[in-house]
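Listing of work10.txt, compact mmCIF, C-alpha atoms
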```txt
# COMPACT_ATOMS: atom_id res chain seq x y z
CA MET A 346 7.69 42.88 23.47
CA LYS A 347 10.42 42.04 25.95
CA THR A 348 8.20 39.36 27.47
CA ALA A 349 7.59 37.81 24.08
CA MET A 350 11.30 37.79 23.29
CA ARG A 351 11.99 36.05 26.57
CA PHE A 352 9.74 33.15 25.65
CA THR A 353 10.92 32.84 22.06
CA PRO A 354 13.67 30.26 22.72
CA LEU A 355 11.24 28.08 24.69
CA ILE A 356 8.62 28.30 21.97
CA LEU A 357 11.18 27.50 19.29
CA PHE A 358 12.49 24.54 21.27
CA THR A 359 8.99 23.19 21.78
CA VAL A 360 8.07 23.53 18.13
CA CYS A 361 11.30 21.85 17.02
CA LEU A 362 10.77 19.03 19.48
CA ILE A 363 7.23 18.43 18.27
CA SER A 364 8.36 18.56 14.66
CA THR A 365 11.18 16.07 15.04
CA GLN A 366 9.00 13.70 17.03
CA ALA A 367 6.26 13.94 14.44
CA ILE A 368 8.65 13.26 11.61
CA ALA A 369 10.13 10.29 13.45
CA GLN A 370 6.73 8.89 14.39
CA TRP A 371 5.27 8.58 10.94
CA SER A 372 8.07 6.37 9.64
CA PRO A 373 7.79 2.70 10.66
CA VAL A 374 11.58 2.43 10.43
CA ALA A 375 14.15 4.91 11.66
CA PRO A 376 15.50 7.12 8.85
CA GLY A 377 19.05 5.92 9.42
CA ARG A 378 18.07 2.36 8.45
CA LEU A 379 16.52 3.30 5.12
CA ILE A 380 17.83 3.08 1.59
CA ASN A 381 16.22 4.91 -1.31
CA PRO A 382 15.28 3.04 -4.49
CA GLU A 383 17.71 4.97 -6.63
CA ASP A 384 20.58 4.17 -4.27
CA LEU A 385 19.70 0.48 -4.24
CA VAL A 386 19.61 0.45 -8.02
CA LYS A 387 23.09 1.98 -8.10
CA ILE A 388 24.38 -0.75 -5.79
CA LEU A 389 22.73 -3.48 -7.84
CA GLN A 390 24.25 -2.12 -11.03
CA SER A 391 27.71 -1.67 -9.53
CA SER A 392 30.45 -4.13 -8.81
CA LYS A 393 29.95 -3.68 -5.09
CA GLU A 394 28.71 -6.44 -2.80
CA LYS A 395 25.08 -7.12 -3.62
CA PRO A 396 22.69 -7.31 -0.72
CA LEU A 397 20.52 -10.28 0.05
CA MET A 398 17.04 -8.91 -0.58
CA PHE A 399 13.75 -10.02 0.92
CA GLN A 400 10.26 -8.91 -0.01
CA VAL A 401 8.41 -9.20 3.28
CA GLY A 402 4.91 -8.18 2.21
CA SER A 403 2.34 -9.67 -0.10
CA HIS A 404 3.11 -12.86 -1.99
CA MET A 405 0.49 -11.89 -4.57
CA LEU A 406 2.37 -8.67 -5.24
CA PHE A 407 5.70 -10.52 -5.29
CA LEU A 408 4.45 -12.84 -8.00
CA GLN A 409 3.45 -9.91 -10.19
CA ALA A 410 6.67 -7.99 -9.79
CA HIS A 411 9.72 -8.01 -7.56
CA ILE A 412 13.36 -6.98 -7.59
CA PRO A 413 15.43 -9.58 -9.50
CA GLY A 414 17.35 -11.76 -7.09
CA SER A 415 15.08 -10.97 -4.15
CA GLU A 416 13.36 -13.71 -2.21
CA TYR A 417 9.91 -13.79 -0.72
CA ALA A 418 9.76 -14.10 3.08
CA GLY A 419 6.49 -12.87 4.43
CA PRO A 420 4.15 -11.43 5.17
CA ALA A 421 6.04 -10.07 8.12
CA VAL A 422 2.83 -8.76 9.67
CA ASN A 423 2.11 -12.40 10.57
CA GLU A 424 4.23 -14.56 12.87
CA SER A 425 4.35 -17.29 10.24
CA GLY A 426 5.91 -14.84 7.81
CA LEU A 427 8.45 -13.71 10.38
CA GLN A 428 9.37 -17.31 11.13
CA GLN A 429 9.98 -17.85 7.45
CA LEU A 430 12.33 -14.87 7.41
CA ARG A 431 14.13 -15.92 10.59
CA LYS A 432 14.61 -19.45 9.30
CA ARG A 433 16.06 -18.19 6.04
CA VAL A 434 18.64 -15.93 7.67
CA GLU A 435 19.53 -17.82 10.85
CA SER A 436 22.69 -19.37 9.42
CA LEU A 437 23.97 -16.17 7.83
CA PRO A 438 26.84 -14.11 9.24
CA ARG A 439 25.43 -11.30 11.28
CA ASN A 440 27.20 -8.62 9.22
CA LYS A 441 25.56 -9.81 5.98
CA PHE A 442 24.24 -6.92 3.92
CA ILE A 443 20.46 -7.41 3.79
CA VAL A 444 17.76 -5.24 2.27
CA LEU A 445 14.12 -5.64 3.25
CA TYR A 446 11.26 -4.23 1.23
CA CYS A 447 7.51 -4.35 0.87
CA GLY A 448 5.69 -1.68 -1.14
CA CYS A 449 2.20 -2.94 -0.38
CA CYS A 450 0.82 0.43 0.60
CA PRO A 451 1.88 3.95 1.54
CA TRP A 452 5.04 3.91 3.65
CA ASN A 453 3.55 5.16 6.90
CA HIS A 454 0.88 2.43 6.74
CA CYS A 455 3.05 -0.54 5.83
CA PRO A 456 2.47 -3.28 8.42
CA ASN A 457 5.37 -5.44 7.25
CA VAL A 458 8.69 -3.62 7.17
CA LYS A 459 8.94 -2.75 10.85
CA PRO A 460 8.31 -6.29 12.17
CA ALA A 461 10.82 -7.67 9.68
CA ASP A 462 13.43 -5.06 10.53
CA ASP A 463 12.89 -5.58 14.24
CA ALA A 464 13.20 -9.35 13.83
CA LEU A 465 16.56 -9.13 12.09
CA HIS A 466 17.79 -6.56 14.55
CA ALA A 467 16.82 -8.88 17.41
CA MET A 468 18.77 -11.71 15.76
CA GLY A 469 21.89 -9.56 15.82
CA PHE A 470 22.10 -8.49 12.19
CA THR A 471 24.04 -5.26 11.93
CA ASN A 472 23.94 -4.44 8.22
CA VAL A 473 20.24 -4.26 7.39
CA LYS A 474 18.59 -1.59 5.30
CA VAL A 475 14.92 -1.15 4.52
CA LEU A 476 13.91 0.07 1.10
CA TYR A 477 11.95 3.30 1.40
CA VAL A 478 8.86 2.86 -0.78
CA ALA A 479 6.83 6.05 -0.36
CA ASP A 480 3.61 5.04 -2.10
CA ASN A 481 3.78 1.47 -3.39
CA PHE A 482 6.12 -0.80 -5.29
CA GLY A 483 4.42 -0.08 -8.58
CA ALA A 484 4.77 3.68 -8.40
CA ASN A 485 8.17 3.90 -6.72
CA TRP A 486 10.02 1.04 -8.43
CA VAL A 487 8.30 -0.51 -11.45
CA ASP A 488 7.06 2.75 -12.96
CA LYS A 489 10.54 4.23 -12.55
CA GLY A 490 11.88 1.58 -14.89
CA TYR A 491 14.01 -0.11 -12.24
CA PRO A 492 14.90 -3.81 -12.70
CA THR A 493 11.89 -6.04 -12.20
CA THR A 494 10.98 -9.65 -12.68
CA LYS A 495 7.91 -11.76 -11.93
CA GLY A 496 6.96 -15.19 -10.69
CA ASP A 497 8.31 -17.18 -7.79
CA MET B 585 20.06 31.33 13.00
CA ILE B 586 16.71 31.85 14.71
CA ILE B 587 15.02 32.36 11.35
CA VAL B 588 16.48 29.05 10.10
CA LEU B 589 15.15 27.25 13.18
CA ILE B 590 11.73 28.80 12.78
CA ALA B 591 11.63 27.84 9.12
CA ALA B 592 12.70 24.26 9.84
CA ALA B 593 10.14 23.92 12.60
CA ALA B 594 7.41 25.38 10.42
CA VAL B 595 8.19 22.92 7.64
CA GLY B 596 8.14 20.03 10.08
CA VAL B 597 4.85 21.04 11.63
CA GLY B 598 3.37 21.69 8.22
CA VAL B 599 4.34 18.30 6.86
CA TYR B 600 3.06 16.59 10.01
CA SER B 601 -0.24 18.40 9.75
CA TYR B 602 -0.57 17.49 6.09
CA ARG B 603 0.14 13.84 6.71
CA HIS B 604 -2.26 13.50 9.59
CA SER B 605 -5.06 15.74 8.37
CA GLN B 606 -5.67 13.31 5.55
CA GLY B 607 -5.52 10.26 7.77
CA SER B 608 -4.96 7.29 5.53
CA ARG B 609 -6.52 8.96 2.54
CA THR B 610 -3.58 9.61 0.29
CA ASP B 611 -3.87 11.72 -2.79
CA SER B 612 -5.46 9.25 -5.17
CA ALA B 613 -3.75 8.96 -8.49
CA VAL B 614 -6.56 8.70 -11.01
CA ALA B 615 -6.07 7.49 -14.51
CA LYS B 616 -8.89 7.74 -16.98
CA GLN B 617 -8.98 4.67 -19.15
CA HIS B 618 -11.40 3.36 -21.71
CA ARG B 619 -10.12 -0.12 -22.46
CA PRO B 620 -12.32 -3.17 -21.86
CA ALA B 621 -12.08 -4.48 -18.33
CA PRO B 622 -10.34 -7.87 -18.47
CA ASP B 623 -12.86 -10.57 -17.71
CA PHE B 624 -12.21 -13.11 -14.98
CA ASN B 625 -13.82 -16.01 -13.20
CA LEU B 626 -12.75 -16.08 -9.53
CA PRO B 627 -13.84 -18.01 -6.44
CA LEU B 628 -16.15 -16.27 -4.01
CA ILE B 629 -15.13 -16.48 -0.37
CA ASP B 630 -18.40 -18.17 0.55
CA GLY B 631 -18.36 -20.67 -2.31
CA GLY B 632 -19.14 -20.54 -5.99
CA GLN B 633 -17.59 -18.46 -8.70
CA LEU B 634 -18.02 -14.91 -9.90
CA ARG B 635 -17.57 -13.91 -13.52
CA LEU B 636 -17.08 -10.19 -14.07
CA SER B 637 -18.79 -10.11 -17.46
CA SER B 638 -22.04 -11.31 -15.86
CA TYR B 639 -22.38 -7.79 -14.47
CA ARG B 640 -22.50 -6.16 -17.91
CA GLY B 641 -25.16 -3.47 -17.80
CA LYS B 642 -24.22 -2.45 -14.25
CA VAL B 643 -21.66 0.06 -13.09
CA VAL B 644 -18.96 -1.95 -11.34
CA LEU B 645 -16.50 -0.73 -8.74
CA LEU B 646 -13.76 -3.35 -8.69
CA ASP B 647 -11.69 -2.97 -5.55
CA PHE B 648 -8.37 -4.74 -5.09
CA TRP B 649 -7.63 -4.85 -1.37
CA ALA B 650 -6.29 -6.99 1.48
CA THR B 651 -7.19 -7.46 5.12
CA TRP B 652 -3.76 -6.29 6.32
CA CYS B 653 -3.85 -3.07 4.31
CA VAL B 654 -4.74 -0.15 6.60
CA PRO B 655 -6.13 2.21 3.92
CA CYS B 656 -8.18 -0.72 2.58
CA ARG B 657 -9.71 -1.31 5.98
CA GLU B 658 -10.57 2.36 6.30
CA GLU B 659 -12.27 2.64 2.92
CA THR B 660 -14.41 -0.49 3.37
CA PRO B 661 -17.21 1.20 5.36
CA HIS B 662 -17.42 3.82 2.62
CA PHE B 663 -17.85 1.11 0.01
CA VAL B 664 -20.55 -0.53 2.10
CA ALA B 665 -22.34 2.83 2.23
CA LEU B 666 -21.96 3.35 -1.54
CA GLN B 667 -23.38 -0.10 -2.26
CA GLN B 668 -26.29 0.61 0.04
CA LYS B 669 -26.90 4.01 -1.57
CA TYR B 670 -26.56 3.14 -5.25
CA GLY B 671 -27.14 -0.60 -5.43
CA GLY B 672 -30.74 -0.09 -6.50
CA GLU B 673 -29.63 2.18 -9.33
CA GLY B 674 -27.23 -0.32 -10.85
CA LEU B 675 -23.99 -0.08 -8.88
CA GLN B 676 -22.21 -3.32 -8.06
CA ILE B 677 -19.09 -3.24 -5.92
CA ILE B 678 -16.87 -6.31 -6.12
CA GLY B 679 -14.01 -6.81 -3.71
CA VAL B 680 -10.98 -8.69 -4.97
CA SER B 681 -8.93 -9.81 -2.00
CA MET B 682 -5.20 -10.13 -2.53
CA ASP B 683 -4.78 -12.03 0.74
CA ASP B 684 -2.96 -15.35 0.61
CA SER B 685 -5.77 -17.27 2.31
CA THR B 686 -9.53 -17.08 2.70
CA ASP B 687 -9.90 -17.30 6.49
CA PRO B 688 -8.93 -13.72 7.39
CA VAL B 689 -11.05 -12.46 4.50
CA ARG B 690 -14.16 -14.26 5.78
CA THR B 691 -13.56 -12.83 9.25
CA PHE B 692 -13.12 -9.36 7.81
CA TYR B 693 -16.24 -9.75 5.67
CA GLN B 694 -18.38 -10.49 8.70
CA GLN B 695 -16.71 -7.96 10.95
CA PHE B 696 -17.27 -5.10 8.50
CA HIS B 697 -20.76 -6.26 7.41
CA ILE B 698 -19.73 -6.16 3.77
CA ASN B 699 -22.76 -6.10 1.49
CA TYR B 700 -21.08 -6.91 -1.81
CA PRO B 701 -19.40 -10.03 -3.20
CA VAL B 702 -15.75 -10.67 -2.41
CA VAL B 703 -13.56 -12.97 -4.47
CA MET B 704 -10.01 -14.24 -3.97
CA GLY B 705 -7.72 -12.59 -6.47
CA THR B 706 -4.75 -14.02 -8.28
CA ALA B 707 -1.48 -12.63 -9.59
CA ASP B 708 -2.70 -13.29 -13.15
CA VAL B 709 -5.79 -11.14 -12.65
CA GLY B 710 -3.66 -8.46 -11.05
CA SER B 711 -1.33 -8.52 -14.03
CA ALA B 712 -4.28 -8.39 -16.43
CA TYR B 713 -5.30 -5.13 -14.78
CA GLY B 714 -1.89 -3.62 -15.39
CA GLY B 715 -0.30 -4.91 -12.20
CA VAL B 716 -1.80 -4.52 -8.75
CA LEU B 717 1.48 -3.48 -7.16
CA GLY B 718 0.13 -1.57 -4.21
CA LEU B 719 -3.14 -1.45 -2.37
CA PRO B 720 -5.82 -0.34 -2.53
CA ILE B 721 -6.48 0.02 -6.22
CA ALA B 722 -10.03 0.46 -7.50
CA PHE B 723 -11.37 0.41 -11.04
CA LEU B 724 -14.65 1.95 -12.07
CA ILE B 725 -16.19 0.04 -14.96
CA ASP B 726 -19.04 1.42 -17.02
CA ARG B 727 -22.18 -0.40 -18.07
CA GLU B 728 -20.50 -1.56 -21.29
CA GLY B 729 -17.65 -3.20 -19.48
CA ARG B 730 -15.02 -0.54 -20.14
CA ILE B 731 -12.68 0.81 -17.49
CA TYR B 732 -13.70 4.41 -16.79
CA ALA B 733 -11.20 5.25 -14.08
CA LYS B 734 -8.44 3.74 -11.94
CA HIS B 735 -7.94 5.01 -8.42
CA ILE B 736 -4.62 4.26 -6.74
CA GLY B 737 -4.70 4.71 -2.99
CA ALA B 738 -7.75 5.52 -0.96
CA PRO B 739 -9.36 8.69 -2.33
CA ASP B 740 -11.96 10.72 -0.56
CA ALA B 741 -15.37 9.02 -0.70
CA ALA B 742 -16.78 12.03 -2.55
CA VAL B 743 -14.53 11.23 -5.52
CA PHE B 744 -16.07 7.80 -5.93
CA ASP B 745 -19.54 9.23 -5.38
CA LYS B 746 -19.03 11.74 -8.19
CA ASP B 747 -17.71 9.16 -10.67
CA ILE B 748 -20.39 6.61 -9.81
CA THR B 749 -23.17 9.18 -10.18
CA ALA B 750 -21.86 10.14 -13.62
CA LEU B 751 -21.66 6.54 -14.77
CA LEU B 752 -25.07 5.58 -13.42
CA GLN B 753 -26.63 8.28 -15.53
CA THR B 754 -25.42 6.64 -18.73
CA ARG B 755 -27.61 3.90 -20.16
```
Output the file's structure in the form of structure tokens.
Amino acid sequence: MKTAMRFTPLILFTVCLISTQAIAQWSPVAPGRLINPEDLVKILQSSKEKPLMFQVGSHMLFLQAHIPGSEYAGPAVNESGLQQLRKRVESLPRNKFIVLYCGCCPWNHCPNVKPADDALHAMGFTNVKVLYVADNFGANWVDKGYPTTKGD
Amino acid sequence: MIIVLIAAAAVGVGVYSYRHSQGSRTDSAVAKQHRPAPDFNLPLIDGGQLRLSSYRGKVVLLDFWATWCVPCREETPHFVALQQKYGGEGLQIIGVSMDDSTDPVRTFYQQFHINYPVVMGTADVGSAYGGVLGLPIAFLIDREGRIYAKHIGAPDAAVFDKDITALLQTR
């Protein structure tokens, strides 16, 4: 019993370490850089500064539905898509509030948000958030009744 | 304090295990529907056109996917196996690529030895099917051209097998 008690702190530490690493690993973007859909909607509906929004995933999905006012700049999984994004933002002040989103597939499998976020971070942008879309844009935005528009 | 730490760690490990035990196979949201499947005429990746209504009388699995979609890539071998298994009984799988260009789709087609037709989708067709706003999305269509089920995400292969078997039995 005494032996077991002696190892308890080490076991607890190990389990906590594994847990936090696991949680961090499955998100393509660090939790601190995320914004939830409901919080973005509140910002869009408020009198606060509106972010510049980019959908960095599928153009086909963008045409069917996207956040009003957002622009298409992707797909960020490809270098050509990233170049499109870089070109669009290169003249902007580096503290510009920017929101990136995709919603092509389940969050931990999205191939687009991380490259886009990394690209803006590398360019020196300091006020970038990535929209956390857990399942897909349809389920986590459109079906929730949040503002949506279609077309280019 | 120790109990709180244990509980937090247990939750973390549990969520991690849940996420990774399923791999890319998310819980598939299934919606049973009975409306007619919207017809379309789309270009095949190797030339020519495919009209959905020409498959009336067959059970059709219409899969909206893209080459960059990880769950889509993982479910493709299962679709190849299903086509192989049930093709002789009247199953026809049709892949609708939501890629922006044909080249990566052709490469993918050859790489994965796909044994069913693949067409290039459009936003209009996606909208006609209620909005393809996430991938993969698959529709099972019965022999009379009605949508039997809609699967959002990549369900376990057994789910498709069960639905297909049921539909193939209807004449």
| query | Which polymer residues have any atom within 12 Å of an atom of Arg690 in chain B, counting all atoms listed in the file, with same-chain residues fewer than 2 positions away left out, as a ChimeraX atom specification? | reply | /B:628-631,650-651,681,683,685-688,692-698,701-704
| Nearest to chain A by atom-to-atom distance, counting all atoms listed in the file, from B:Arg755, B:Lys669, B:Arg657, B:His662 | B:Arg657
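Distances from A:Leu355, A:Met398, A:Ala479, A:Leu437 to His411 in chain A were compared using only C-alpha atoms, and the smallest one belongs to A:Met398.
Proximity to Leu646 in chain B at 9 Å, evaluated using only C-alpha atoms and with sequence-adjacent residues fewer than 3 positions away removed, yields Gln676, Ile677, Ile678, Gly679, Val680, Ile721, Ala722, Phe723, Leu724 and Ile725 of chain B.
With CA of His735 in chain B on one side and CA of Pro720 in chain B on the other, the separation reads 8.2 Å.
Using all atoms listed in the file, the nearest neighbour of chain B within the list A:Phe399, A:Phe470, A:Phe482, A:Tyr446 is A:Phe482.
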| task | Take CA of Leu445 in chain A and CA of Pro739 in chain B and report the distance between them in Å, one decimal. | result | 28.1 Å
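CA of Thr493 in chain A to CA of Ser392 in chain A spans 19.0 Å [interatomic distance, one decimal].
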| request: Go through B:Val654, B:Phe663, B:Asp623, B:Arg640 and flag the residue nearest Ala742 in chain B, using only C-alpha atoms for the distances. | output: B:Phe663
Using only C-alpha atoms and a cutoff of 10 Å, can you tell me which residues are near (1.8, -12.7, 6.8) in the file's coordinates, and write them out as a compact mmCIF listing (two decimals) with C-alpha atoms, in the frame of the given file?
```txt
# COMPACT_ATOMS: atom_id res chain seq x y z
CA VAL A 401 8.41 -9.20 3.28
CA GLY A 402 4.91 -8.18 2.21
CA SER A 403 2.34 -9.67 -0.10
CA HIS A 404 3.11 -12.86 -1.99
CA ALA A 418 9.76 -14.10 3.08
CA GLY A 419 6.49 -12.87 4.43
CA PRO A 420 4.15 -11.43 5.17
CA ALA A 421 6.04 -10.07 8.12
CA VAL A 422 2.83 -8.76 9.67
CA ASN A 423 2.11 -12.40 10.57
CA GLU A 424 4.23 -14.56 12.87
CA SER A 425 4.35 -17.29 10.24
CA GLY A 426 5.91 -14.84 7.81
CA LEU A 427 8.45 -13.71 10.38
CA GLN A 428 9.37 -17.31 11.13
CA GLN A 429 9.98 -17.85 7.45
CA PRO A 456 2.47 -3.28 8.42
CA ASN A 457 5.37 -5.44 7.25
CA TRP B 652 -3.76 -6.29 6.32
CA ASP B 683 -4.78 -12.03 0.74
CA ASP B 684 -2.96 -15.35 0.61
CA SER B 685 -5.77 -17.27 2.31
```
| query | Which is closer to Val716 in chain B than all the others in A:Ala467, A:Val434, A:Leu408, A:Ala375, using only C-alpha atoms? | reply | A:Leu408
| Contact residues around range 708-713 of chain B with only C-alpha atoms at 8 Å, ignoring same-chain residues under 4 positions, as a ChimeraX atom specification | /A:409 /B:621-622,624
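The point (20.5, 4.9, -7.6) has these residues within 12 Å of it, counting all atoms listed in the file: A:Ile380, A:Asn381, A:Pro382, A:Glu383, A:Asp384, A:Leu385, A:Val386, A:Lys387, A:Ile388, A:Leu389, A:Gln390, A:Ser391, A:Leu476, A:Trp486, A:Lys489, A:Gly490, A:Tyr491, A:Pro492.
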| note | Residue with the minimum atom-to-atom distance to chain A, picked from B:Thr706, B:Thr660, B:Gln668, B:Asn625 with only C-alpha atoms counted, is B:Thr706
